[in-house]
Amino acid sequence: MKTLKLIFFATSIIFVACNDSQKEMAQKKVTGYENYVDSISDVAADKAYENWENIEIAFKEKKTETHNAIVTLKEHSDLQNAIDESTLKYETFKAEVIANHERMEIEKSKNMMRKSLLGTSYDDGDMKFTWVNKDNILSVYQNFVDTVDKNKDSYSREDWDEIKMLYEAIDTRKNTVEKEGLTSSDNRKIAGLKLKFAPMYTINRMGAKSEENAKAKI
């Protein structure tokens with residue numbers, strides 16, 4: 001009987017030791033998982049997106065490893081809570097990375113359209129159009145209207161709104177340029193381009209909006 005008690009006692013010690021060892025290893029896995037998520041979250045969003053495929057693969061591997069390390073423990077709610085918090089932090093950062101990339105892509109597309117509409121002389125970011133003067137304003141209008149005419153069937157409603165904003169900015173600049181000595185000949189040619197642009201904008205902007213509404217109902 002005494003021998004059986006000793007065996008039971010020894011077995012209990014071994015079990016507790018093994019369980020403590022497992023929990024210690026699990027804790028290290030959880031800590032490593034937390035540190036990984038923290039390190040990822042500190043990376044700039046644009047830089048993270050460039051390497052996002054590898055980040056996502058590594059994240060899934062670490063999450064699986066960490067889950068496997070705690071699942072066999074009898075009591076692991078505290079470790080699971082820590083995992084859940086880091087997972088939420090990662091998913092929040094992931095959403096920020098994707099949203100930032102989408103914003104950058106929209107801005108990139110917008111800048112490309114601006115360059116195509118305004119020509120090679122366009123000065124990025126100068127929405128007062130100070131680069132437009134009496135010597136180049138006719139060519140700016142000409143390029144603008146020709147480009148719109150060429151691509152009018154491919155523009156979205158948002159594109160047409162951007163086009164209108166740019167067109168009005170050119171018109172505002174024209175009021176200043178006229179005082180600087182815009183020739184009568186150039187003024188007449190610009191007036192002709194404005195007459196061409198107005199109905200083209202109205203018709204195609206309405207068409208783009210109708211198409212967008214139709215797609216929304218599908």
# chains A, B, ... in the order shown; residues from 1 in each chain; ligands from 1

call {"tool": "residues_around", "arguments": {"residues": "segment 54-60 of chain A", "least_positions_apart": "4", "cutoff": "10 Å", "atoms": "only C-alpha atoms", "output": "ChimeraX atom specification"}}
result
/A:33,36-37,40,48-50,64-66,87,90,94

call {"tool": "write_last_selection", "arguments": {"atoms": "all heavy atoms", "output": "mmCIF file, in the first residue's frame"}}
result
data_model
loop_
_atom_site.group_PDB
_atom_site.id
_atom_site.type_symbol
_atom_site.label_atom_id
_atom_site.label_comp_id
_atom_site.auth_asym_id
_atom_site.auth_seq_id
_atom_site.Cartn_x
_atom_site.Cartn_y
_atom_site.Cartn_z
ATOM 1 N N TYR A 33 4.067 35.388 -30.301
ATOM 2 C CA TYR A 33 2.973 35.812 -31.187
ATOM 3 C C TYR A 33 2.647 37.287 -30.970
ATOM 4 O O TYR A 33 2.485 38.061 -31.925
ATOM 5 C CB TYR A 33 1.750 34.942 -30.897
ATOM 6 C CG TYR A 33 0.532 35.251 -31.727
ATOM 7 C CD1 TYR A 33 0.484 34.970 -33.091
ATOM 8 C CD2 TYR A 33 -0.598 35.814 -31.136
ATOM 9 C CE1 TYR A 33 -0.656 35.243 -33.842
ATOM 10 C CE2 TYR A 33 -1.739 36.084 -31.880
ATOM 11 C CZ TYR A 33 -1.765 35.792 -33.230
ATOM 12 O OH TYR A 33 -2.885 36.073 -33.973
ATOM 13 N N TYR A 36 5.390 39.427 -32.392
ATOM 14 C CA TYR A 36 5.346 39.459 -33.861
ATOM 15 C C TYR A 36 4.306 40.466 -34.335
ATOM 16 O O TYR A 36 4.578 41.296 -35.216
ATOM 17 C CB TYR A 36 5.021 38.077 -34.417
ATOM 18 C CG TYR A 36 4.844 38.085 -35.924
ATOM 19 C CD1 TYR A 36 5.937 38.165 -36.777
ATOM 20 C CD2 TYR A 36 3.566 38.063 -36.483
ATOM 21 C CE1 TYR A 36 5.774 38.207 -38.162
ATOM 22 C CE2 TYR A 36 3.394 38.100 -37.858
ATOM 23 C CZ TYR A 36 4.500 38.172 -38.694
ATOM 24 O OH TYR A 36 4.327 38.224 -40.058
ATOM 25 N N VAL A 37 3.120 40.408 -33.754
ATOM 26 C CA VAL A 37 2.048 41.333 -34.146
ATOM 27 C C VAL A 37 2.452 42.772 -33.846
ATOM 28 O O VAL A 37 2.216 43.678 -34.661
ATOM 29 C CB VAL A 37 0.729 40.979 -33.435
ATOM 30 C CG1 VAL A 37 -0.327 42.059 -33.686
ATOM 31 C CG2 VAL A 37 0.221 39.625 -33.909
ATOM 32 N N ILE A 40 4.913 43.973 -36.507
ATOM 33 C CA ILE A 40 4.240 44.227 -37.783
ATOM 34 C C ILE A 40 3.480 45.543 -37.733
ATOM 35 O O ILE A 40 3.497 46.345 -38.672
ATOM 36 C CB ILE A 40 3.288 43.078 -38.148
ATOM 37 C CG1 ILE A 40 4.067 41.799 -38.449
ATOM 38 C CG2 ILE A 40 2.426 43.450 -39.355
ATOM 39 C CD1 ILE A 40 5.074 41.934 -39.571
ATOM 40 N N ALA A 48 4.412 47.974 -45.398
ATOM 41 C CA ALA A 48 3.828 46.680 -45.041
ATOM 42 C C ALA A 48 3.100 46.076 -46.235
ATOM 43 O O ALA A 48 3.182 44.869 -46.476
ATOM 44 C CB ALA A 48 2.868 46.844 -43.863
ATOM 45 N N TYR A 49 2.400 46.905 -47.002
ATOM 46 C CA TYR A 49 1.632 46.392 -48.135
ATOM 47 C C TYR A 49 2.553 45.768 -49.181
ATOM 48 O O TYR A 49 2.188 44.773 -49.816
ATOM 49 C CB TYR A 49 0.803 47.501 -48.783
ATOM 50 C CG TYR A 49 -0.151 46.974 -49.829
ATOM 51 C CD1 TYR A 49 -1.412 46.501 -49.467
ATOM 52 C CD2 TYR A 49 0.214 46.904 -51.172
ATOM 53 C CE1 TYR A 49 -2.281 45.988 -50.410
ATOM 54 C CE2 TYR A 49 -0.653 46.386 -52.121
ATOM 55 C CZ TYR A 49 -1.896 45.934 -51.737
ATOM 56 O OH TYR A 49 -2.750 45.414 -52.684
ATOM 57 N N GLU A 50 3.734 46.333 -49.357
ATOM 58 C CA GLU A 50 4.687 45.818 -50.347
ATOM 59 C C GLU A 50 5.079 44.376 -50.049
ATOM 60 O O GLU A 50 5.390 43.607 -50.953
ATOM 61 C CB GLU A 50 5.944 46.698 -50.372
ATOM 62 C CG GLU A 50 5.705 48.107 -50.891
ATOM 63 C CD GLU A 50 6.941 48.979 -50.777
ATOM 64 O OE1 GLU A 50 8.000 48.448 -50.358
ATOM 65 O OE2 GLU A 50 6.862 50.175 -51.109
ATOM 66 N N THR A 64 -1.333 29.598 -35.898
ATOM 67 C CA THR A 64 -1.608 28.162 -35.798
ATOM 68 C C THR A 64 -0.701 27.508 -34.765
ATOM 69 O O THR A 64 -1.163 26.707 -33.924
ATOM 70 C CB THR A 64 -1.412 27.478 -37.159
ATOM 71 O OG1 THR A 64 -2.327 28.042 -38.104
ATOM 72 C CG2 THR A 64 -1.660 25.980 -37.058
ATOM 73 N N GLU A 65 0.576 27.844 -34.802
ATOM 74 C CA GLU A 65 1.540 27.292 -33.842
ATOM 75 C C GLU A 65 1.145 27.665 -32.413
ATOM 76 O O GLU A 65 1.205 26.822 -31.501
ATOM 77 C CB GLU A 65 2.939 27.826 -34.130
ATOM 78 C CG GLU A 65 3.577 27.270 -35.400
ATOM 79 C CD GLU A 65 4.916 27.931 -35.695
ATOM 80 O OE1 GLU A 65 5.355 28.758 -34.863
ATOM 81 O OE2 GLU A 65 5.510 27.620 -36.744
ATOM 82 N N THR A 66 0.753 28.909 -32.215
ATOM 83 C CA THR A 66 0.394 29.378 -30.878
ATOM 84 C C THR A 66 -0.871 28.692 -30.381
ATOM 85 O O THR A 66 -0.960 28.290 -29.214
ATOM 86 C CB THR A 66 0.192 30.909 -30.897
ATOM 87 O OG1 THR A 66 1.346 31.527 -31.469
ATOM 88 C CG2 THR A 66 -0.002 31.439 -29.497
ATOM 89 N N THR A 87 -4.622 39.121 -32.147
ATOM 90 C CA THR A 87 -5.273 38.857 -33.435
ATOM 91 C C THR A 87 -6.112 40.057 -33.862
ATOM 92 O O THR A 87 -6.086 40.468 -35.027
ATOM 93 C CB THR A 87 -6.168 37.612 -33.350
ATOM 94 O OG1 THR A 87 -5.373 36.476 -32.995
ATOM 95 C CG2 THR A 87 -6.850 37.339 -34.692
ATOM 96 N N TYR A 90 -3.875 42.758 -35.089
ATOM 97 C CA TYR A 90 -3.389 42.454 -36.437
ATOM 98 C C TYR A 90 -4.463 42.761 -37.483
ATOM 99 O O TYR A 90 -4.176 43.388 -38.508
ATOM 100 C CB TYR A 90 -2.976 40.985 -36.525
ATOM 101 C CG TYR A 90 -2.573 40.550 -37.918
ATOM 102 C CD1 TYR A 90 -1.270 40.746 -38.369
ATOM 103 C CD2 TYR A 90 -3.494 39.961 -38.775
ATOM 104 C CE1 TYR A 90 -0.899 40.361 -39.653
ATOM 105 C CE2 TYR A 90 -3.132 39.583 -40.056
ATOM 106 C CZ TYR A 90 -1.837 39.774 -40.487
ATOM 107 O OH TYR A 90 -1.481 39.404 -41.766
ATOM 108 N N LYS A 94 -4.307 45.338 -40.502
ATOM 109 C CA LYS A 94 -4.516 44.858 -41.867
ATOM 110 C C LYS A 94 -5.533 45.737 -42.597
ATOM 111 O O LYS A 94 -5.324 46.107 -43.768
ATOM 112 C CB LYS A 94 -5.002 43.406 -41.845
ATOM 113 C CG LYS A 94 -5.287 42.826 -43.224
ATOM 114 C CD LYS A 94 -5.760 41.374 -43.104
ATOM 115 C CE LYS A 94 -6.094 40.791 -44.478
ATOM 116 N NZ LYS A 94 -6.515 39.369 -44.377
#

call {"tool": "residues_around", "arguments": {"residues": "Glu96 of chain A", "least_positions_apart": "6", "cutoff": "12 Å", "atoms": "only C-alpha atoms", "output": "number ranges by chain"}}
result
A: 41, 43-46, 48-49, 89-90, 102-103

call {"tool": "select_by_dssp", "arguments": {"residues": "segment 127-157 of chain A", "states": "alpha helix (DSSP H)", "output": "PyMOL selection string"}}
result
chain A and resi 137-151+157

call {"tool": "write_last_selection", "arguments": {"atoms": "C-alpha atoms", "output": "PDB file, in the first residue's frame"}}
result
ATOM      1  CA  ILE A 137      -3.417  78.818 -71.724  1.00  0.00           C
ATOM      2  CA  LEU A 138      -4.812  78.104 -75.197  1.00  0.00           C
ATOM      3  CA  SER A 139      -2.761  74.888 -75.438  1.00  0.00           C
ATOM      4  CA  VAL A 140      -3.954  73.916 -71.930  1.00  0.00           C
ATOM      5  CA  TYR A 141      -7.605  74.319 -72.939  1.00  0.00           C
ATOM      6  CA  GLN A 142      -6.977  72.543 -76.261  1.00  0.00           C
ATOM      7  CA  ASN A 143      -5.294  69.552 -74.610  1.00  0.00           C
ATOM      8  CA  PHE A 144      -7.965  69.422 -71.913  1.00  0.00           C
ATOM      9  CA  VAL A 145     -10.932  69.395 -74.299  1.00  0.00           C
ATOM     10  CA  ASP A 146      -9.255  67.026 -76.773  1.00  0.00           C
ATOM     11  CA  THR A 147      -8.399  64.557 -74.000  1.00  0.00           C
ATOM     12  CA  VAL A 148     -11.923  64.655 -72.573  1.00  0.00           C
ATOM     13  CA  ASP A 149     -13.393  64.127 -76.040  1.00  0.00           C
ATOM     14  CA  LYS A 150     -11.086  61.175 -76.674  1.00  0.00           C
ATOM     15  CA  ASN A 151     -11.845  59.424 -73.380  1.00  0.00           C
ATOM     16  CA  ARG A 157     -19.123  59.818 -62.530  1.00  0.00           C
TER      17      ARG A 157
END

call {"tool": "atom_distance", "arguments": {"atom1": "atom CA of Lys152 of chain A", "atom2": "atom CA of Arg205 of chain A"}}
result
9.0 Å

call {"tool": "residues_around", "arguments": {"residues": "Phe129 of chain A", "least_positions_apart": "3", "cutoff": "12 Å", "atoms": "only C-alpha atoms", "output": "CSV table (one decimal) with all heavy atoms, in the first residue's frame"}}
result
chain,number,residue,atom,x,y,z
A,118,LEU,N,-4.2,68.0,-68.3
A,118,LEU,CA,-3.5,69.3,-68.2
A,118,LEU,C,-2.2,69.4,-68.9
A,118,LEU,O,-1.7,70.5,-69.1
A,118,LEU,CB,-3.3,69.7,-66.7
A,118,LEU,CG,-4.6,69.7,-65.9
A,118,LEU,CD1,-4.3,69.9,-64.4
A,118,LEU,CD2,-5.5,70.8,-66.3
A,121,SER,N,3.0,70.5,-68.9
A,121,SER,CA,3.4,71.6,-68.1
A,121,SER,C,2.8,71.6,-66.7
A,121,SER,O,3.1,72.5,-65.8
A,121,SER,CB,3.0,72.9,-68.8
A,121,SER,OG,3.7,73.0,-70.0
A,122,TYR,N,1.9,70.7,-66.4
A,122,TYR,CA,1.1,70.7,-65.2
A,122,TYR,C,2.1,70.5,-64.0
A,122,TYR,O,3.0,69.6,-64.0
A,122,TYR,CB,0.1,69.5,-65.2
A,122,TYR,CG,-0.5,69.2,-63.8
A,122,TYR,CD1,-1.1,70.2,-63.1
A,122,TYR,CD2,-0.4,67.9,-63.3
A,122,TYR,CE1,-1.7,69.9,-61.8
A,122,TYR,CE2,-0.9,67.6,-62.0
A,122,TYR,CZ,-1.6,68.6,-61.3
A,122,TYR,OH,-2.1,68.4,-60.1
A,123,ASP,N,2.0,71.4,-63.0
A,123,ASP,CA,2.8,71.4,-61.8
A,123,ASP,C,2.0,70.7,-60.7
A,123,ASP,O,1.0,71.2,-60.2
A,123,ASP,CB,3.2,72.8,-61.4
A,123,ASP,CG,4.1,72.9,-60.2
A,123,ASP,OD1,4.5,71.8,-59.8
A,123,ASP,OD2,4.4,74.0,-59.7
A,124,ASP,N,2.5,69.5,-60.4
A,124,ASP,CA,1.8,68.7,-59.4
A,124,ASP,C,1.4,69.5,-58.1
A,124,ASP,O,2.3,70.1,-57.5
A,124,ASP,CB,2.6,67.5,-59.0
A,124,ASP,CG,2.7,66.5,-60.1
A,124,ASP,OD1,2.3,66.8,-61.2
A,124,ASP,OD2,3.2,65.3,-59.9
A,125,GLY,N,0.2,69.4,-57.7
A,125,GLY,CA,-0.2,70.0,-56.5
A,125,GLY,C,-0.6,71.5,-56.6
A,125,GLY,O,-1.1,72.1,-55.6
A,126,ASP,N,-0.3,72.2,-57.7
A,126,ASP,CA,-0.5,73.6,-57.8
A,126,ASP,C,-2.0,73.8,-58.4
A,126,ASP,O,-2.2,73.9,-59.6
A,126,ASP,CB,0.5,74.3,-58.8
A,126,ASP,CG,0.2,75.7,-59.0
A,126,ASP,OD1,-0.7,76.3,-58.2
A,126,ASP,OD2,0.9,76.4,-59.8
A,132,VAL,N,-0.1,78.3,-65.5
A,132,VAL,CA,-0.8,78.7,-66.7
A,132,VAL,C,-0.7,80.2,-66.9
A,132,VAL,O,-0.9,81.0,-66.0
A,132,VAL,CB,-2.3,78.3,-66.6
A,132,VAL,CG1,-3.1,78.8,-67.8
A,132,VAL,CG2,-2.5,76.8,-66.4
A,133,ASN,N,-0.2,80.6,-68.1
A,133,ASN,CA,-0.1,82.0,-68.4
A,133,ASN,C,-0.6,82.3,-69.8
A,133,ASN,O,-1.2,81.4,-70.5
A,133,ASN,CB,1.4,82.3,-68.4
A,133,ASN,CG,2.3,81.4,-69.2
A,133,ASN,OD1,2.0,81.3,-70.5
A,133,ASN,ND2,3.3,80.8,-68.6
A,136,ASN,N,0.5,80.0,-72.7
A,136,ASN,CA,0.2,78.5,-72.8
A,136,ASN,C,-1.2,78.2,-72.5
A,136,ASN,O,-1.6,77.0,-72.7
A,136,ASN,CB,1.2,77.7,-71.9
A,136,ASN,CG,0.9,78.0,-70.4
A,136,ASN,OD1,-0.1,78.6,-70.0
A,136,ASN,ND2,1.8,77.5,-69.6
A,137,ILE,N,-2.1,79.1,-72.1
A,137,ILE,CA,-3.4,78.8,-71.7
A,137,ILE,C,-4.3,78.2,-72.8
A,137,ILE,O,-5.1,77.3,-72.6
A,137,ILE,CB,-4.1,80.0,-71.1
A,137,ILE,CG1,-5.4,79.6,-70.4
A,137,ILE,CG2,-4.4,81.1,-72.1
A,137,ILE,CD1,-6.1,80.6,-69.5
A,140,VAL,N,-3.4,74.6,-73.1
A,140,VAL,CA,-4.0,73.9,-71.9
A,140,VAL,C,-5.4,73.6,-72.2
A,140,VAL,O,-5.9,72.4,-72.0
A,140,VAL,CB,-3.8,74.7,-70.6
A,140,VAL,CG1,-4.6,74.1,-69.5
A,140,VAL,CG2,-2.3,74.9,-70.3
A,166,LEU,N,-11.3,70.6,-62.3
A,166,LEU,CA,-10.1,71.1,-63.0
A,166,LEU,C,-10.5,72.1,-64.0
A,166,LEU,O,-9.8,73.1,-64.1
A,166,LEU,CB,-9.4,69.9,-63.7
A,166,LEU,CG,-8.9,68.8,-62.8
A,166,LEU,CD1,-8.4,67.6,-63.6
A,166,LEU,CD2,-7.7,69.4,-61.9
A,167,TYR,N,-11.6,71.9,-64.7
A,167,TYR,CA,-12.0,72.9,-65.7
A,167,TYR,C,-12.4,74.2,-65.1
A,167,TYR,O,-12.0,75.3,-65.6
A,167,TYR,CB,-13.3,72.3,-66.4
A,167,TYR,CG,-13.8,73.2,-67.6
A,167,TYR,CD1,-13.2,73.2,-68.8
A,167,TYR,CD2,-15.0,73.9,-67.4
A,167,TYR,CE1,-13.7,74.0,-69.8
A,167,TYR,CE2,-15.5,74.7,-68.4
A,167,TYR,CZ,-14.8,74.7,-69.6
A,167,TYR,OH,-15.3,75.5,-70.7
A,168,GLU,N,-13.0,74.2,-64.0
A,168,GLU,CA,-13.4,75.4,-63.3
A,168,GLU,C,-12.1,76.1,-62.8
A,168,GLU,O,-12.1,77.4,-62.7
A,168,GLU,CB,-14.3,75.2,-62.1
A,168,GLU,CG,-15.7,74.8,-62.6
A,168,GLU,CD,-16.7,74.4,-61.4
A,168,GLU,OE1,-16.1,74.2,-60.3
A,168,GLU,OE2,-17.9,74.3,-61.7
A,169,ALA,N,-11.1,75.4,-62.4
A,169,ALA,CA,-9.8,75.9,-61.9
A,169,ALA,C,-9.1,76.6,-63.1
A,169,ALA,O,-8.5,77.7,-62.9
A,169,ALA,CB,-8.9,74.9,-61.4
A,170,ILE,N,-9.2,76.0,-64.3
A,170,ILE,CA,-8.6,76.7,-65.5
A,170,ILE,C,-9.4,78.0,-65.8
A,170,ILE,O,-8.7,79.0,-66.1
A,170,ILE,CB,-8.7,75.7,-66.7
A,170,ILE,CG1,-7.9,74.5,-66.4
A,170,ILE,CG2,-8.1,76.4,-67.9
A,170,ILE,CD1,-8.0,73.4,-67.5
A,171,ASP,N,-10.7,77.9,-65.7
A,171,ASP,CA,-11.5,79.1,-66.0
A,171,ASP,C,-11.2,80.3,-65.0
A,171,ASP,O,-11.1,81.4,-65.4
A,171,ASP,CB,-13.0,78.8,-65.9
A,171,ASP,CG,-13.6,78.3,-67.2
A,171,ASP,OD1,-12.8,78.4,-68.2
A,171,ASP,OD2,-14.7,77.8,-67.2
A,172,THR,N,-11.0,79.9,-63.7
A,172,THR,CA,-10.6,80.9,-62.7
A,172,THR,C,-9.3,81.5,-63.1
A,172,THR,O,-9.1,82.7,-63.0
A,172,THR,CB,-10.6,80.3,-61.3
A,172,THR,OG1,-11.9,79.7,-61.0
A,172,THR,CG2,-10.2,81.3,-60.3
A,173,ARG,N,-8.3,80.7,-63.5
A,173,ARG,CA,-7.0,81.2,-63.9
A,173,ARG,C,-7.1,82.1,-65.1
A,173,ARG,O,-6.4,83.1,-65.2
A,173,ARG,CB,-6.1,80.0,-64.1
A,173,ARG,CG,-4.7,80.4,-64.5
A,173,ARG,CD,-4.0,81.2,-63.5
A,173,ARG,NE,-2.6,81.6,-63.9
A,173,ARG,CZ,-1.9,82.5,-63.3
A,173,ARG,NH1,-2.3,83.1,-62.2
A,173,ARG,NH2,-0.6,82.8,-63.7
A,174,LYS,N,-8.0,81.8,-66.0
A,174,LYS,CA,-8.2,82.5,-67.2
A,174,LYS,C,-8.5,84.0,-66.9
A,174,LYS,O,-8.1,84.9,-67.6
A,174,LYS,CB,-9.3,81.9,-68.1
A,174,LYS,CG,-9.5,82.7,-69.4
A,174,LYS,CD,-10.6,81.9,-70.3
A,174,LYS,CE,-10.9,82.7,-71.6
A,174,LYS,NZ,-11.6,84.0,-71.3
A,175,ASN,N,-9.3,84.2,-65.9
A,175,ASN,CA,-9.7,85.6,-65.5
A,175,ASN,C,-8.5,86.4,-65.2
A,175,ASN,O,-8.4,87.6,-65.5
A,175,ASN,CB,-10.7,85.6,-64.3
A,175,ASN,CG,-12.0,84.9,-64.6
A,175,ASN,OD1,-12.4,84.9,-65.8
A,175,ASN,ND2,-12.6,84.3,-63.6
A,176,THR,N,-7.5,85.8,-64.6
A,176,THR,CA,-6.2,86.5,-64.2
A,176,THR,C,-5.4,86.7,-65.5
A,176,THR,O,-4.8,87.8,-65.7
A,176,THR,CB,-5.4,85.7,-63.2
A,176,THR,OG1,-6.2,85.6,-62.0
A,176,THR,CG2,-4.1,86.4,-62.9
A,177,VAL,N,-5.3,85.6,-66.3
A,177,VAL,CA,-4.5,85.6,-67.5
A,177,VAL,C,-5.0,86.7,-68.5
A,177,VAL,O,-4.2,87.3,-69.2
A,177,VAL,CB,-4.4,84.2,-68.2
A,177,VAL,CG1,-3.8,84.3,-69.6
A,177,VAL,CG2,-3.7,83.3,-67.3

call {"tool": "closest_residue", "arguments": {"among": "A:Lys194, A:Lys134, A:Lys164, A:His76", "to": "Gly181 of chain A", "atoms": "only C-alpha atoms"}}
result
A:Lys134

call {"tool": "residues_around", "arguments": {"residues": "segment 20-30 of chain A", "least_positions_apart": "5", "cutoff": "8 Å", "atoms": "only C-alpha atoms", "output": "PyMOL selection string"}}
result
chain A and resi 65-66+69-70+73+79+82-83

call {"tool": "decode", "arguments": {"residues": "segment 54-62 of chain A", "atoms": "all heavy atoms", "output": "CSV table (one decimal), in the first residue's frame"}}
result
chain,number,residue,atom,x,y,z
A,54,ASN,N,3.9,37.9,-47.7
A,54,ASN,CA,4.8,37.2,-46.8
A,54,ASN,C,4.4,37.4,-45.3
A,54,ASN,O,4.4,36.5,-44.5
A,54,ASN,CB,6.2,37.6,-47.0
A,54,ASN,CG,6.8,37.2,-48.3
A,54,ASN,OD1,6.4,36.2,-48.9
A,54,ASN,ND2,7.7,38.0,-48.8
A,55,ILE,N,3.9,38.6,-45.0
A,55,ILE,CA,3.4,38.9,-43.7
A,55,ILE,C,2.2,38.0,-43.3
A,55,ILE,O,2.2,37.5,-42.2
A,55,ILE,CB,3.1,40.4,-43.6
A,55,ILE,CG1,4.3,41.3,-43.6
A,55,ILE,CG2,2.3,40.7,-42.3
A,55,ILE,CD1,4.1,42.7,-43.7
A,56,GLU,N,1.3,37.9,-44.3
A,56,GLU,CA,0.1,37.1,-44.0
A,56,GLU,C,0.4,35.7,-43.8
A,56,GLU,O,-0.2,35.0,-43.0
A,56,GLU,CB,-0.9,37.3,-45.2
A,56,GLU,CG,-2.2,36.7,-45.0
A,56,GLU,CD,-3.2,37.7,-44.3
A,56,GLU,OE1,-2.8,38.4,-43.4
A,56,GLU,OE2,-4.4,37.6,-44.6
A,57,ILE,N,1.3,35.1,-44.6
A,57,ILE,CA,1.7,33.7,-44.5
A,57,ILE,C,2.4,33.5,-43.1
A,57,ILE,O,2.0,32.5,-42.4
A,57,ILE,CB,2.7,33.3,-45.6
A,57,ILE,CG1,2.0,33.3,-47.0
A,57,ILE,CG2,3.3,32.0,-45.3
A,57,ILE,CD1,2.9,33.1,-48.2
A,58,ALA,N,3.3,34.4,-42.7
A,58,ALA,CA,4.0,34.2,-41.5
A,58,ALA,C,3.0,34.3,-40.3
A,58,ALA,O,3.1,33.6,-39.3
A,58,ALA,CB,5.1,35.3,-41.3
A,59,PHE,N,2.0,35.3,-40.4
A,59,PHE,CA,1.0,35.5,-39.4
A,59,PHE,C,0.2,34.2,-39.2
A,59,PHE,O,0.0,33.8,-38.0
A,59,PHE,CB,0.1,36.7,-39.7
A,59,PHE,CG,-1.1,36.8,-38.9
A,59,PHE,CD1,-1.0,37.3,-37.6
A,59,PHE,CD2,-2.3,36.3,-39.3
A,59,PHE,CE1,-2.1,37.3,-36.8
A,59,PHE,CE2,-3.5,36.4,-38.5
A,59,PHE,CZ,-3.3,36.9,-37.2
A,60,LYS,N,-0.3,33.6,-40.2
A,60,LYS,CA,-1.1,32.4,-40.1
A,60,LYS,C,-0.4,31.3,-39.5
A,60,LYS,O,-0.9,30.5,-38.7
A,60,LYS,CB,-1.7,32.1,-41.5
A,60,LYS,CG,-2.7,33.0,-42.1
A,60,LYS,CD,-3.2,32.6,-43.5
A,60,LYS,CE,-4.2,33.6,-44.0
A,60,LYS,NZ,-4.7,33.3,-45.4
A,61,GLU,N,0.9,31.1,-39.9
A,61,GLU,CA,1.7,30.1,-39.3
A,61,GLU,C,1.9,30.3,-37.8
A,61,GLU,O,1.8,29.3,-37.0
A,61,GLU,CB,3.1,30.0,-40.0
A,61,GLU,CG,3.0,29.5,-41.5
A,61,GLU,CD,4.4,29.6,-42.1
A,61,GLU,OE1,5.3,30.1,-41.6
A,61,GLU,OE2,4.5,29.0,-43.3
A,62,LYS,N,2.2,31.5,-37.4
A,62,LYS,CA,2.5,31.8,-36.0
A,62,LYS,C,1.2,31.6,-35.2
A,62,LYS,O,1.2,31.1,-34.1
A,62,LYS,CB,3.0,33.2,-35.8
A,62,LYS,CG,4.5,33.3,-36.3
A,62,LYS,CD,5.1,34.7,-36.0
A,62,LYS,CE,6.5,34.7,-36.4
A,62,LYS,NZ,7.4,33.8,-35.5
